[in-house]
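Participant: I am sharing input-v8.cif, which consists of mmCIF, C-alpha atoms:
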```cif
data_coords
loop_
_atom_site.group_PDB
_atom_site.id
_atom_site.type_symbol
_atom_site.label_atom_id
_atom_site.label_comp_id
_atom_site.auth_asym_id
_atom_site.auth_seq_id
_atom_site.Cartn_x
_atom_site.Cartn_y
_atom_site.Cartn_z
ATOM 1 C CA MET A 1 0.000 0.000 0.000
ATOM 2 C CA PRO A 2 1.447 3.330 -0.933
ATOM 3 C CA ARG A 3 2.592 5.589 1.871
ATOM 4 C CA LEU A 4 0.677 8.773 2.264
ATOM 5 C CA ASP A 5 2.443 12.035 2.481
ATOM 6 C CA PRO A 6 2.146 13.602 5.936
ATOM 7 C CA PHE A 7 0.558 16.692 4.490
ATOM 8 C CA PHE A 8 -2.299 14.743 3.089
ATOM 9 C CA ARG A 9 -2.730 12.901 6.305
ATOM 10 C CA ARG A 10 -3.070 16.163 8.292
ATOM 11 C CA ARG A 11 -5.369 17.850 5.711
ATOM 12 C CA PRO A 12 -8.759 16.606 7.039
ATOM 13 C CA ILE A 13 -7.797 17.716 10.515
ATOM 14 C CA LEU A 14 -6.863 21.200 9.263
ATOM 15 C CA THR A 15 -10.065 21.547 7.316
ATOM 16 C CA ALA A 16 -12.142 20.640 10.313
ATOM 17 C CA ALA A 17 -10.308 23.201 12.418
ATOM 18 C CA VAL A 18 -10.938 25.959 9.914
ATOM 19 C CA VAL A 19 -14.635 25.130 9.740
ATOM 20 C CA SER A 20 -14.866 25.130 13.519
ATOM 21 C CA ALA A 21 -13.168 28.547 13.763
ATOM 22 C CA LEU A 22 -15.446 30.086 11.171
ATOM 23 C CA SER A 23 -18.518 28.723 12.937
ATOM 24 C CA LEU A 24 -17.356 30.222 16.244
ATOM 25 C CA LEU A 25 -16.791 33.600 14.549
ATOM 26 C CA LEU A 26 -20.294 33.622 13.038
ATOM 27 C CA VAL A 27 -21.862 32.809 16.406
ATOM 28 C CA GLN A 28 -20.032 35.704 18.039
ATOM 29 C CA CYS A 29 -21.152 38.045 15.263
ATOM 30 C CA ASP A 30 -24.757 36.993 15.761
ATOM 31 C CA GLN A 31 -24.458 37.607 19.500
ATOM 32 C CA ASN A 32 -22.938 41.082 19.018
ATOM 33 C CA THR A 33 -25.467 42.255 16.433
ATOM 34 C CA VAL A 34 -27.693 44.965 17.925
ATOM 35 C CA GLU A 35 -31.250 45.046 16.664
ATOM 36 C CA PRO A 36 -32.211 48.548 15.471
ATOM 37 C CA VAL A 37 -34.613 50.244 17.844
ATOM 38 C CA GLU A 38 -37.405 52.177 16.215
ATOM 39 C CA ALA A 39 -37.473 55.777 17.433
ATOM 40 C CA VAL A 40 -40.664 56.613 19.257
ATOM 41 C CA PRO A 41 -41.792 60.159 18.507
ATOM 42 C CA THR A 42 -42.204 62.247 21.630
ATOM 43 C CA GLU A 43 -45.052 64.694 21.934
ATOM 44 C CA ALA A 44 -44.199 68.346 22.377
ATOM 45 C CA PRO A 45 -44.969 69.557 25.895
ATOM 46 C CA GLU A 46 -48.217 71.459 26.160
ATOM 47 C CA PRO A 47 -47.703 75.168 26.733
ATOM 48 C CA ALA A 48 -48.434 76.352 30.210
ATOM 49 C CA LEU A 49 -51.820 77.986 30.480
ATOM 50 C CA THR A 50 -51.647 81.625 31.444
ATOM 51 C CA PRO A 51 -54.618 82.712 33.543
ATOM 52 C CA THR A 52 -56.569 85.493 31.868
ATOM 53 C CA ALA A 53 -58.629 88.155 33.547
ATOM 54 C CA PRO A 54 -62.394 87.735 33.187
ATOM 55 C CA LEU A 55 -63.934 89.759 30.399
ATOM 56 C CA THR A 56 -65.760 92.829 31.613
ATOM 57 C CA PRO A 57 -68.220 94.859 29.570
ATOM 58 C CA ARG A 58 -66.672 97.959 28.074
ATOM 59 C CA PRO A 59 -68.292 101.043 29.559
ATOM 60 C CA GLU A 60 -70.160 103.168 27.048
ATOM 61 C CA THR A 61 -69.066 106.731 26.643
ATOM 62 C CA ALA A 62 -71.523 109.563 27.152
ATOM 63 C CA LEU A 63 -73.469 110.657 24.082
ATOM 64 C CA SER A 64 -72.014 113.812 22.584
ATOM 65 C CA ARG A 65 -73.806 116.636 20.839
ATOM 66 C CA GLY A 66 -72.988 115.178 17.445
ATOM 67 C CA GLU A 67 -74.276 111.712 18.356
ATOM 68 C CA LEU A 68 -77.517 113.058 19.797
ATOM 69 C CA VAL A 69 -78.080 115.286 16.762
ATOM 70 C CA ASN A 70 -77.473 112.322 14.435
ATOM 71 C CA ALA A 71 -79.915 110.199 16.431
ATOM 72 C CA ALA A 72 -82.530 112.956 16.155
ATOM 73 C CA GLY A 73 -81.978 113.070 12.388
ATOM 74 C CA GLN A 74 -82.555 109.328 12.115
ATOM 75 C CA ALA A 75 -85.667 109.584 14.262
ATOM 76 C CA ALA A 76 -86.975 112.382 12.026
ATOM 77 C CA SER A 77 -86.471 110.230 8.942
ATOM 78 C CA THR A 78 -88.259 107.288 10.566
ATOM 79 C CA TYR A 79 -91.139 109.550 11.569
ATOM 80 C CA ALA A 80 -91.405 111.031 8.060
ATOM 81 C CA ARG A 81 -91.629 107.519 6.579
ATOM 82 C CA GLY A 82 -94.560 106.787 8.848
ATOM 83 C CA GLN A 83 -92.754 103.950 10.587
ATOM 84 C CA THR A 84 -92.990 102.980 14.246
ATOM 85 C CA PRO A 85 -89.923 101.091 15.500
ATOM 86 C CA THR A 86 -90.637 98.021 17.583
ATOM 87 C CA THR A 87 -87.069 97.129 18.590
ATOM 88 C CA THR A 88 -85.392 98.201 21.802
ATOM 89 C CA ASP A 89 -83.970 101.704 21.574
ATOM 90 C CA PRO A 90 -80.231 101.502 22.425
ATOM 91 C CA LEU A 91 -80.169 105.152 23.513
ATOM 92 C CA VAL A 92 -82.456 104.586 26.485
ATOM 93 C CA GLY A 93 -80.326 104.401 29.601
ATOM 94 C CA ARG A 94 -77.283 106.029 27.972
ATOM 95 C CA SER A 95 -75.593 108.967 29.649
ATOM 96 C CA PHE A 96 -74.989 112.155 27.681
ATOM 97 C CA ALA A 97 -72.904 115.327 27.826
ATOM 98 C CA VAL A 98 -74.105 117.926 25.314
ATOM 99 C CA ARG A 99 -72.489 121.329 24.861
ATOM 100 C CA MET A 100 -74.322 124.075 23.019
ATOM 101 C CA PRO A 101 -72.427 127.215 21.960
ATOM 102 C CA PHE A 102 -74.357 130.460 22.182
ATOM 103 C CA GLY A 103 -73.721 134.153 21.811
ATOM 104 C CA CYS A 104 -71.372 133.456 18.920
ATOM 105 C CA GLY A 105 -72.234 136.668 17.095
ATOM 106 C CA GLY A 106 -72.430 138.910 20.126
ATOM 107 C CA PRO A 107 -75.010 139.769 22.762
ATOM 108 C CA SER A 108 -78.611 138.763 22.305
ATOM 109 C CA THR A 109 -81.098 141.409 21.222
ATOM 110 C CA ALA A 110 -84.191 139.331 21.851
ATOM 111 C CA VAL A 111 -86.399 140.296 24.751
ATOM 112 C CA ASP A 112 -87.185 137.871 27.507
ATOM 113 C CA GLY A 113 -90.284 135.823 26.933
ATOM 114 C CA ALA A 114 -91.583 132.590 25.473
ATOM 115 C CA ALA A 115 -89.753 133.195 22.194
ATOM 116 C CA SER A 116 -86.355 132.880 23.878
ATOM 117 C CA ASN A 117 -87.257 130.168 26.370
ATOM 118 C CA GLY A 118 -85.144 127.089 25.913
ATOM 119 C CA LEU A 119 -82.215 129.066 24.469
ATOM 120 C CA ALA A 120 -79.175 130.368 26.326
ATOM 121 C CA ARG A 121 -78.157 133.988 25.780
ATOM 122 C CA TRP A 122 -75.890 136.716 27.072
ATOM 123 C CA THR A 123 -76.364 140.473 27.294
ATOM 124 C CA TRP A 124 -74.413 143.447 28.592
ATOM 125 C CA GLY A 125 -75.067 144.580 32.128
ATOM 126 C CA PRO A 126 -75.427 148.252 33.168
ATOM 127 C CA ASP A 127 -72.720 150.465 31.655
ATOM 128 C CA ARG A 128 -71.180 147.364 30.036
ATOM 129 C CA LYS A 129 -69.434 146.597 33.296
ATOM 130 C CA THR A 130 -70.816 143.070 33.531
ATOM 131 C CA ILE A 131 -72.149 140.334 31.268
ATOM 132 C CA GLN A 132 -75.428 138.650 32.132
ATOM 133 C CA ILE A 133 -75.717 134.984 31.076
ATOM 134 C CA SER A 134 -79.100 133.315 31.343
ATOM 135 C CA MET A 135 -81.054 130.297 30.214
ATOM 136 C CA THR A 136 -84.782 129.932 30.932
ATOM 137 C CA PRO A 137 -86.060 126.430 30.115
ATOM 138 C CA GLY A 138 -89.309 126.194 28.185
ATOM 139 C CA ASP A 139 -92.371 124.693 29.848
ATOM 140 C CA TRP A 140 -93.052 121.591 27.754
ATOM 141 C CA THR A 141 -95.227 119.825 30.309
ATOM 142 C CA ALA A 142 -98.341 119.889 28.123
ATOM 143 C CA SER A 143 -96.588 120.365 24.782
ATOM 144 C CA ALA A 144 -97.520 118.128 21.874
ATOM 145 C CA LEU A 145 -93.812 117.292 21.700
ATOM 146 C CA THR A 146 -94.040 115.353 24.949
ATOM 147 C CA VAL A 147 -97.775 114.573 25.194
ATOM 148 C CA PRO A 148 -99.494 112.950 22.197
ATOM 149 C CA VAL A 149 -102.800 114.468 21.146
ATOM 150 C CA GLY A 150 -105.640 113.015 23.185
ATOM 151 C CA SER A 151 -103.342 111.730 25.918
ATOM 152 C CA GLU A 152 -102.834 112.869 29.471
ATOM 153 C CA PRO A 153 -99.464 114.329 30.548
ATOM 154 C CA VAL A 154 -97.080 111.606 31.582
ATOM 155 C CA TRP A 155 -94.814 113.739 33.734
ATOM 156 C CA GLU A 156 -95.584 116.334 36.372
ATOM 157 C CA ALA A 157 -93.132 118.810 34.843
ATOM 158 C CA VAL A 158 -90.977 119.033 31.716
ATOM 159 C CA ASP A 159 -88.226 121.639 31.203
ATOM 160 C CA GLY A 160 -87.277 122.179 27.574
ATOM 161 C CA PHE A 161 -83.844 122.989 26.120
ATOM 162 C CA TRP A 162 -83.215 123.597 22.423
ATOM 163 C CA ILE A 163 -80.049 122.483 20.628
ATOM 164 C CA PRO A 164 -79.361 125.370 18.224
ATOM 165 C CA ARG A 165 -77.904 124.672 14.772
ATOM 166 C CA PRO A 166 -78.574 120.911 14.730
ATOM 167 C CA TRP A 167 -76.680 120.704 11.445
ATOM 168 C CA LEU A 168 -73.496 121.433 13.414
ATOM 169 C CA ALA A 169 -71.985 118.464 15.245
ATOM 170 C CA ALA A 170 -69.129 120.479 16.770
ATOM 171 C CA GLU A 171 -69.369 121.970 20.237
ATOM 172 C CA ALA A 172 -67.936 125.345 19.195
ATOM 173 C CA CYS A 173 -69.337 128.330 17.364
ATOM 174 C CA PRO A 174 -69.640 128.063 13.573
ATOM 175 C CA GLN A 175 -66.857 129.650 11.567
ATOM 176 C CA VAL A 176 -68.780 130.441 8.386
ATOM 177 C CA PRO A 177 -68.614 134.214 7.763
ATOM 178 C CA GLY A 178 -71.901 135.910 7.043
ATOM 179 C CA ASP A 179 -72.521 137.877 3.882
ATOM 180 C CA PRO A 180 -73.942 141.262 4.913
ATOM 181 C CA LEU A 181 -75.530 141.661 1.464
ATOM 182 C CA GLN A 182 -77.429 138.407 1.819
ATOM 183 C CA THR A 183 -77.903 137.755 5.512
ATOM 184 C CA ALA A 184 -78.401 141.182 7.015
ATOM 185 C CA GLY A 185 -81.448 140.971 9.221
ATOM 186 C CA ALA A 186 -81.961 137.264 8.459
ATOM 187 C CA SER A 187 -83.623 135.407 11.277
ATOM 188 C CA ALA A 188 -82.355 132.131 12.665
ATOM 189 C CA SER A 189 -83.847 128.869 11.460
ATOM 190 C CA PRO A 190 -86.657 127.405 13.584
ATOM 191 C CA GLN A 191 -85.537 125.096 16.357
ATOM 192 C CA THR A 192 -85.977 121.432 15.474
ATOM 193 C CA VAL A 193 -83.959 119.422 18.036
ATOM 194 C CA GLY A 194 -84.406 119.640 21.788
ATOM 195 C CA ILE A 195 -83.852 117.994 25.142
ATOM 196 C CA ALA A 196 -86.794 117.503 27.481
ATOM 197 C CA ALA A 197 -85.833 117.210 31.151
ATOM 198 C CA VAL A 198 -88.696 115.244 32.698
ATOM 199 C CA PHE A 199 -89.855 115.100 36.311
ATOM 200 C CA GLU A 200 -92.170 112.377 37.524
ATOM 201 C CA ALA A 201 -94.990 112.992 39.960
ATOM 202 C CA GLY A 202 -93.752 112.938 43.521
ATOM 203 C CA SER A 203 -90.119 113.385 42.529
ATOM 204 C CA SER A 204 -87.849 115.953 44.120
ATOM 205 C CA ARG A 205 -88.616 119.563 43.253
ATOM 206 C CA ILE A 206 -85.052 120.720 43.821
ATOM 207 C CA GLY A 207 -84.107 120.505 40.166
ATOM 208 C CA ARG A 208 -87.300 122.019 38.749
ATOM 209 C CA ARG A 209 -86.949 125.539 37.458
ATOM 210 C CA SER A 210 -90.659 126.385 37.322
ATOM 211 C CA GLY A 211 -89.983 129.296 34.982
ATOM 212 C CA ARG A 212 -86.818 130.437 36.764
ATOM 213 C CA ALA A 213 -83.704 131.003 34.704
ATOM 214 C CA TYR A 214 -80.246 129.598 35.165
ATOM 215 C CA ALA A 215 -78.284 132.836 35.504
ATOM 216 C CA PHE A 216 -74.716 133.953 36.020
ATOM 217 C CA THR A 217 -72.970 137.333 36.009
ATOM 218 C CA VAL A 218 -69.496 137.755 34.540
ATOM 219 C CA ARG A 219 -67.680 140.504 36.442
ATOM 220 C CA ALA A 220 -64.447 142.349 35.853
ATOM 221 C CA GLN A 221 -61.235 141.061 37.390
ATOM 222 C CA GLY A 222 -59.606 143.939 39.221
ATOM 223 C CA ASP A 223 -59.307 147.013 37.041
ATOM 224 C CA GLU A 224 -59.621 145.058 33.808
ATOM 225 C CA PRO A 225 -62.785 145.819 31.825
ATOM 226 C CA VAL A 226 -65.205 143.084 30.901
ATOM 227 C CA LEU A 227 -64.690 142.098 27.280
ATOM 228 C CA ALA A 228 -67.099 140.438 24.915
ATOM 229 C CA PRO A 229 -66.321 136.717 24.741
ATOM 230 C CA ASP A 230 -64.239 135.543 21.798
ATOM 231 C CA GLY A 231 -66.139 132.494 20.613
ATOM 232 C CA GLY A 232 -69.203 132.978 22.778
ATOM 233 C CA TYR A 233 -70.132 130.771 25.699
ATOM 234 C CA ARG A 234 -71.369 127.194 26.026
ATOM 235 C CA LEU A 235 -74.263 125.609 27.857
ATOM 236 C CA LEU A 236 -73.493 122.117 29.145
ATOM 237 C CA LEU A 237 -76.195 119.566 29.899
ATOM 238 C CA GLU A 238 -75.349 116.210 31.452
ATOM 239 C CA GLY A 239 -77.644 113.382 32.449
ATOM 240 C CA ARG A 240 -79.228 110.136 31.323
ATOM 241 C CA VAL A 241 -81.689 109.339 28.543
ATOM 242 C CA VAL A 242 -84.901 107.899 30.034
ATOM 243 C CA GLY A 243 -87.082 107.887 26.928
ATOM 244 C CA PHE A 244 -90.816 108.192 26.347
ATOM 245 C CA PRO A 245 -93.575 105.716 27.160
ATOM 246 C CA GLY A 246 -93.234 102.944 24.617
ATOM 247 C CA GLY A 247 -89.472 102.780 24.963
ATOM 248 C CA ARG A 248 -88.286 105.344 22.392
ATOM 249 C CA ALA A 249 -85.586 107.815 23.391
ATOM 250 C CA ILE A 250 -86.683 110.500 20.906
ATOM 251 C CA ARG A 251 -90.114 111.620 19.769
ATOM 252 C CA CYS A 252 -90.734 113.639 16.597
ATOM 253 C CA LEU A 253 -93.655 115.720 15.372
ATOM 254 C CA ALA A 254 -94.336 117.769 12.227
ATOM 255 C CA PRO A 255 -97.384 119.759 11.071
ATOM 256 C CA GLY A 256 -97.117 118.334 7.575
ATOM 257 C CA PRO A 257 -94.978 116.310 5.149
ATOM 258 C CA ASP A 258 -93.118 119.379 3.862
ATOM 259 C CA GLN A 259 -91.981 120.635 7.262
ATOM 260 C CA ARG A 260 -88.915 119.353 9.017
ATOM 261 C CA PRO A 261 -89.967 117.264 12.050
ATOM 262 C CA VAL A 262 -89.200 118.638 15.493
ATOM 263 C CA CYS A 263 -87.575 115.948 17.631
ATOM 264 C CA VAL A 264 -86.876 115.919 21.369
ATOM 265 C CA ALA A 265 -85.174 113.428 23.673
ATOM 266 C CA ALA A 266 -86.614 112.667 27.104
ATOM 267 C CA VAL A 267 -83.886 112.796 29.759
ATOM 268 C CA GLN A 268 -83.128 113.123 33.418
ATOM 269 C CA LEU A 269 -80.749 115.996 34.103
ATOM 270 C CA ASP A 270 -77.800 115.627 36.460
ATOM 271 C CA LYS A 271 -75.922 118.823 35.700
ATOM 272 C CA VAL A 272 -76.379 122.210 34.023
ATOM 273 C CA ALA A 273 -73.388 124.514 33.580
ATOM 274 C CA PHE A 274 -72.155 127.607 31.777
ATOM 275 C CA GLU A 275 -68.664 127.433 30.267
ATOM 276 C CA ASP A 276 -66.439 129.810 28.385
ATOM 277 C CA ALA A 277 -65.217 129.000 24.882
ATOM 278 C CA ALA A 278 -62.149 127.223 26.281
ATOM 279 C CA GLY A 279 -64.277 124.876 28.397
ATOM 280 C CA ALA A 280 -63.679 126.459 31.808
ATOM 281 C CA THR A 281 -66.715 126.226 34.081
ATOM 282 C CA LEU A 282 -68.257 129.575 35.034
ATOM 283 C CA SER A 283 -71.167 128.257 37.076
ATOM 284 C CA GLU A 284 -73.020 124.987 37.499
ATOM 285 C CA TRP A 285 -76.183 123.499 38.984
ATOM 286 C CA ARG A 286 -76.890 119.903 39.924
ATOM 287 C CA PRO A 287 -80.644 119.412 39.874
ATOM 288 C CA GLY A 288 -80.447 116.015 41.531
#
```
Go ahead and render the structure in this file as structure tokens.
Facilitator:
Amino acid sequence: MPRLDPFFRRRPILTAAVVSALSLLLVQCDQNTVEPVEAVPTEAPEPALTPTAPLTPRPETALSRGELVNAAGQAASTYARGQTPTTTDPLVGRSFAVRMPFGCGGPSTAVDGAASNGLARWTWGPDRKTIQISMTPGDWTASALTVPVGSEPVWEAVDGFWIPRPWLAAEACPQVPGDPLQTAGASASPQTVGIAAVFEAGSSRIGRRSGRAYAFTVRAQGDEPVLAPDGGYRLLLEGRVVGFPGGRAIRCLAPGPDQRPVCVAAVQLDKVAFEDAAGATLSEWRPG
């Protein structure tokens, strides 16, 4: 039998050793393999809640002259169309502060009486050493403006105040120059917008004028003479809109379709004052 070379005799043993080493290496690789871990998305943290202050109703500002005049114009249009509103009037319960310039062209030449009631005016005192300011409310207790025809008076007393120049929303004197060739001797337009200060039966009589005027005297300061006001004076009315029976703040009336309706607002007065053109208070009354 031929003799085998030693190399060939050791070959099976070497092959087995190699296979064994490779198997051990593969097992170690399997043990060291790390399974991939799927990333779990994290939710963003919720923002911290900031406590908020409770909502409070925004206080309404007092009605100005311009707003009241605009409301009267709308009421006049509604009246002229023959319509009767059935919705709640938002003006009822609102406060107001209305300034009415007067004496813009100089002292009044009208005599005291019913014709000037409801309008503020100023005149020179004796020897032009003082200025007399006055305002006598009109007696509108039984007027058709506040009492419908065929009805009984609703209030025990009603003091009337006109708002001159209702086409002017500003609280200062008009600045339109007059043409002496066209307007000399021209009379003022009829009054069409007013404020009715109402007093219920049994209410306090402190604020009722009963025909008495609000009056104030402007006197000289030291040796300085009294000068005519530059820009006139202003009458200030403050209070609250109470409205008429039926819930409307303003009532209008006209003698016919071709006449501008006269409209008045029913109010409760809290303050009456005279001011100069700059807004400084000269004198005031608080009827309440």
Participant: CA of Gly279 in chain A to CA of Trp124 in chain A: how many Å, to one decimal?
Facilitator: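 CA of Trp124 in chain A lies at a distance of 21.2 Å from CA of Gly279 in chain A.
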Participant: Excluding same-chain residues fewer than 4 positions from range 191-205 of chain A, what lies within 9 Å of it counting all atoms listed in the file, as a PDB file with C-alpha atoms, in the coordinates of the input?
Facilitator:
```pdb
ATOM      1  CA  VAL A  69     -78.080 115.286  16.762  1.00  0.00           C
ATOM      2  CA  ALA A  72     -82.530 112.956  16.155  1.00  0.00           C
ATOM      3  CA  GLY A  73     -81.978 113.070  12.388  1.00  0.00           C
ATOM      4  CA  GLY A 118     -85.144 127.089  25.913  1.00  0.00           C
ATOM      5  CA  TRP A 140     -93.052 121.591  27.754  1.00  0.00           C
ATOM      6  CA  THR A 141     -95.227 119.825  30.309  1.00  0.00           C
ATOM      7  CA  THR A 146     -94.040 115.353  24.949  1.00  0.00           C
ATOM      8  CA  VAL A 154     -97.080 111.606  31.582  1.00  0.00           C
ATOM      9  CA  TRP A 155     -94.814 113.739  33.734  1.00  0.00           C
ATOM     10  CA  GLU A 156     -95.584 116.334  36.372  1.00  0.00           C
ATOM     11  CA  ALA A 157     -93.132 118.810  34.843  1.00  0.00           C
ATOM     12  CA  VAL A 158     -90.977 119.033  31.716  1.00  0.00           C
ATOM     13  CA  ASP A 159     -88.226 121.639  31.203  1.00  0.00           C
ATOM     14  CA  GLY A 160     -87.277 122.179  27.574  1.00  0.00           C
ATOM     15  CA  PHE A 161     -83.844 122.989  26.120  1.00  0.00           C
ATOM     16  CA  TRP A 162     -83.215 123.597  22.423  1.00  0.00           C
ATOM     17  CA  ILE A 163     -80.049 122.483  20.628  1.00  0.00           C
ATOM     18  CA  PRO A 164     -79.361 125.370  18.224  1.00  0.00           C
ATOM     19  CA  ARG A 165     -77.904 124.672  14.772  1.00  0.00           C
ATOM     20  CA  PRO A 166     -78.574 120.911  14.730  1.00  0.00           C
ATOM     21  CA  ARG A 209     -86.949 125.539  37.458  1.00  0.00           C
ATOM     22  CA  VAL A 242     -84.901 107.899  30.034  1.00  0.00           C
ATOM     23  CA  ARG A 260     -88.915 119.353   9.017  1.00  0.00           C
ATOM     24  CA  PRO A 261     -89.967 117.264  12.050  1.00  0.00           C
ATOM     25  CA  VAL A 262     -89.200 118.638  15.493  1.00  0.00           C
ATOM     26  CA  CYS A 263     -87.575 115.948  17.631  1.00  0.00           C
ATOM     27  CA  VAL A 264     -86.876 115.919  21.369  1.00  0.00           C
ATOM     28  CA  ALA A 265     -85.174 113.428  23.673  1.00  0.00           C
ATOM     29  CA  ALA A 266     -86.614 112.667  27.104  1.00  0.00           C
ATOM     30  CA  VAL A 267     -83.886 112.796  29.759  1.00  0.00           C
ATOM     31  CA  GLN A 268     -83.128 113.123  33.418  1.00  0.00           C
ATOM     32  CA  LEU A 269     -80.749 115.996  34.103  1.00  0.00           C
ATOM     33  CA  PRO A 287     -80.644 119.412  39.874  1.00  0.00           C
ATOM     34  CA  GLY A 288     -80.447 116.015  41.531  1.00  0.00           C
TER      35      GLY A 288
END
```
Participant: Closest to Trp122 in chain A among A:Leu145, A:Ala80, A:Leu235, A:Ala71, using all atoms listed in the file?
Facilitator: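 Counting all atoms listed in the file, the residue closest to Trp122 in chain A is A:Leu235.
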Participant: Please provide as a PDB file with C-alpha atoms, in the coordinates of the input all residues within 8 Å of Ala215 in chain A, with the sequence filter that same-chain residues fewer than 3 positions apart are discarded (counting all atoms listed in the file).
Facilitator:
```pdb
ATOM      1  CA  GLN A 132     -75.428 138.650  32.132  1.00  0.00           C
ATOM      2  CA  ILE A 133     -75.717 134.984  31.076  1.00  0.00           C
ATOM      3  CA  SER A 134     -79.100 133.315  31.343  1.00  0.00           C
ATOM      4  CA  MET A 135     -81.054 130.297  30.214  1.00  0.00           C
TER       5      MET A 135
END
```
Participant: Within 6 Å of Arg94 in chain A, counting only C-alpha atoms, which residues qualify if same-chain residues fewer than 3 places away don't, as a VMD selection string?
Facilitator: chain A and resid 91 240 to 241
Participant: Between CA of Pro85 in chain A and CA of Ala62 in chain A, what is the distance in Å, rounded to a tenth?
Facilitator: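 Calculated distance between CA of Pro85 in chain A and CA of Ala62 in chain A is 23.4 Å.
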Participant: Can you measure CA of Phe274 in chain A to CA of Arg234 in chain A for me? One decimal in Å is fine.
Facilitator: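 Answer for the CA of Phe274 in chain A to CA of Arg234 in chain A separation: 5.8 Å.
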Participant: Within 9 Å of (-76.6, 136.1, 25.1), all atoms listed in the file: residues as an MDAnalysis selection string?
Facilitator: chainID A and resid 102:104 106:110 120:124 131:135 232:233
Participant: Using the file's own x, y and z axes, so that the box edges lie along x, y and z, what centre and edge lengths in Å (one decimal) does a box around every listed atom of range 185-199 of chain A get when 8 Å is added on each side? Give it as lines of an AutoDock Vina configuration file.
Facilitator:
```
center_x = -85.7
center_y = 128.0
center_z = 22.4
size_x = 24.4
size_y = 41.9
size_z = 43.9
```
Participant: For the file shown, what are the residues hit by the PyMOL selection byres ((chain A and resi 244-248) around 8), laid out as number ranges by chain?
Facilitator: A: 88-89, 92, 146, 242-243, 249-251, 266
Participant: Run the PyMOL selection byres ((chain A and resi 272) around 7) mentally over the shown coordinates, then write out the matched residues as a ChimeraX atom specification, using the chain letters and numbers from the document.
Facilitator: /A:236-238,271,273,284-286
Participant: So, counting only C-alpha atoms, which residue among A:Gly93, A:Asp270, A:Gly125, A:Thr87 is closest to Gly239 in chain A?
Facilitator: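 When distances to Gly239 in chain A are compared using only C-alpha atoms, the smallest one comes from A:Asp270.
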Participant: With all atoms listed in the file as the basis for distance, which of A:Gly66, A:Gly231, A:Gly211, A:Gly256 is at the shortest distance from Thr136 in chain A?
Facilitator: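 Nearest to Thr136 in chain A: A:Gly211.
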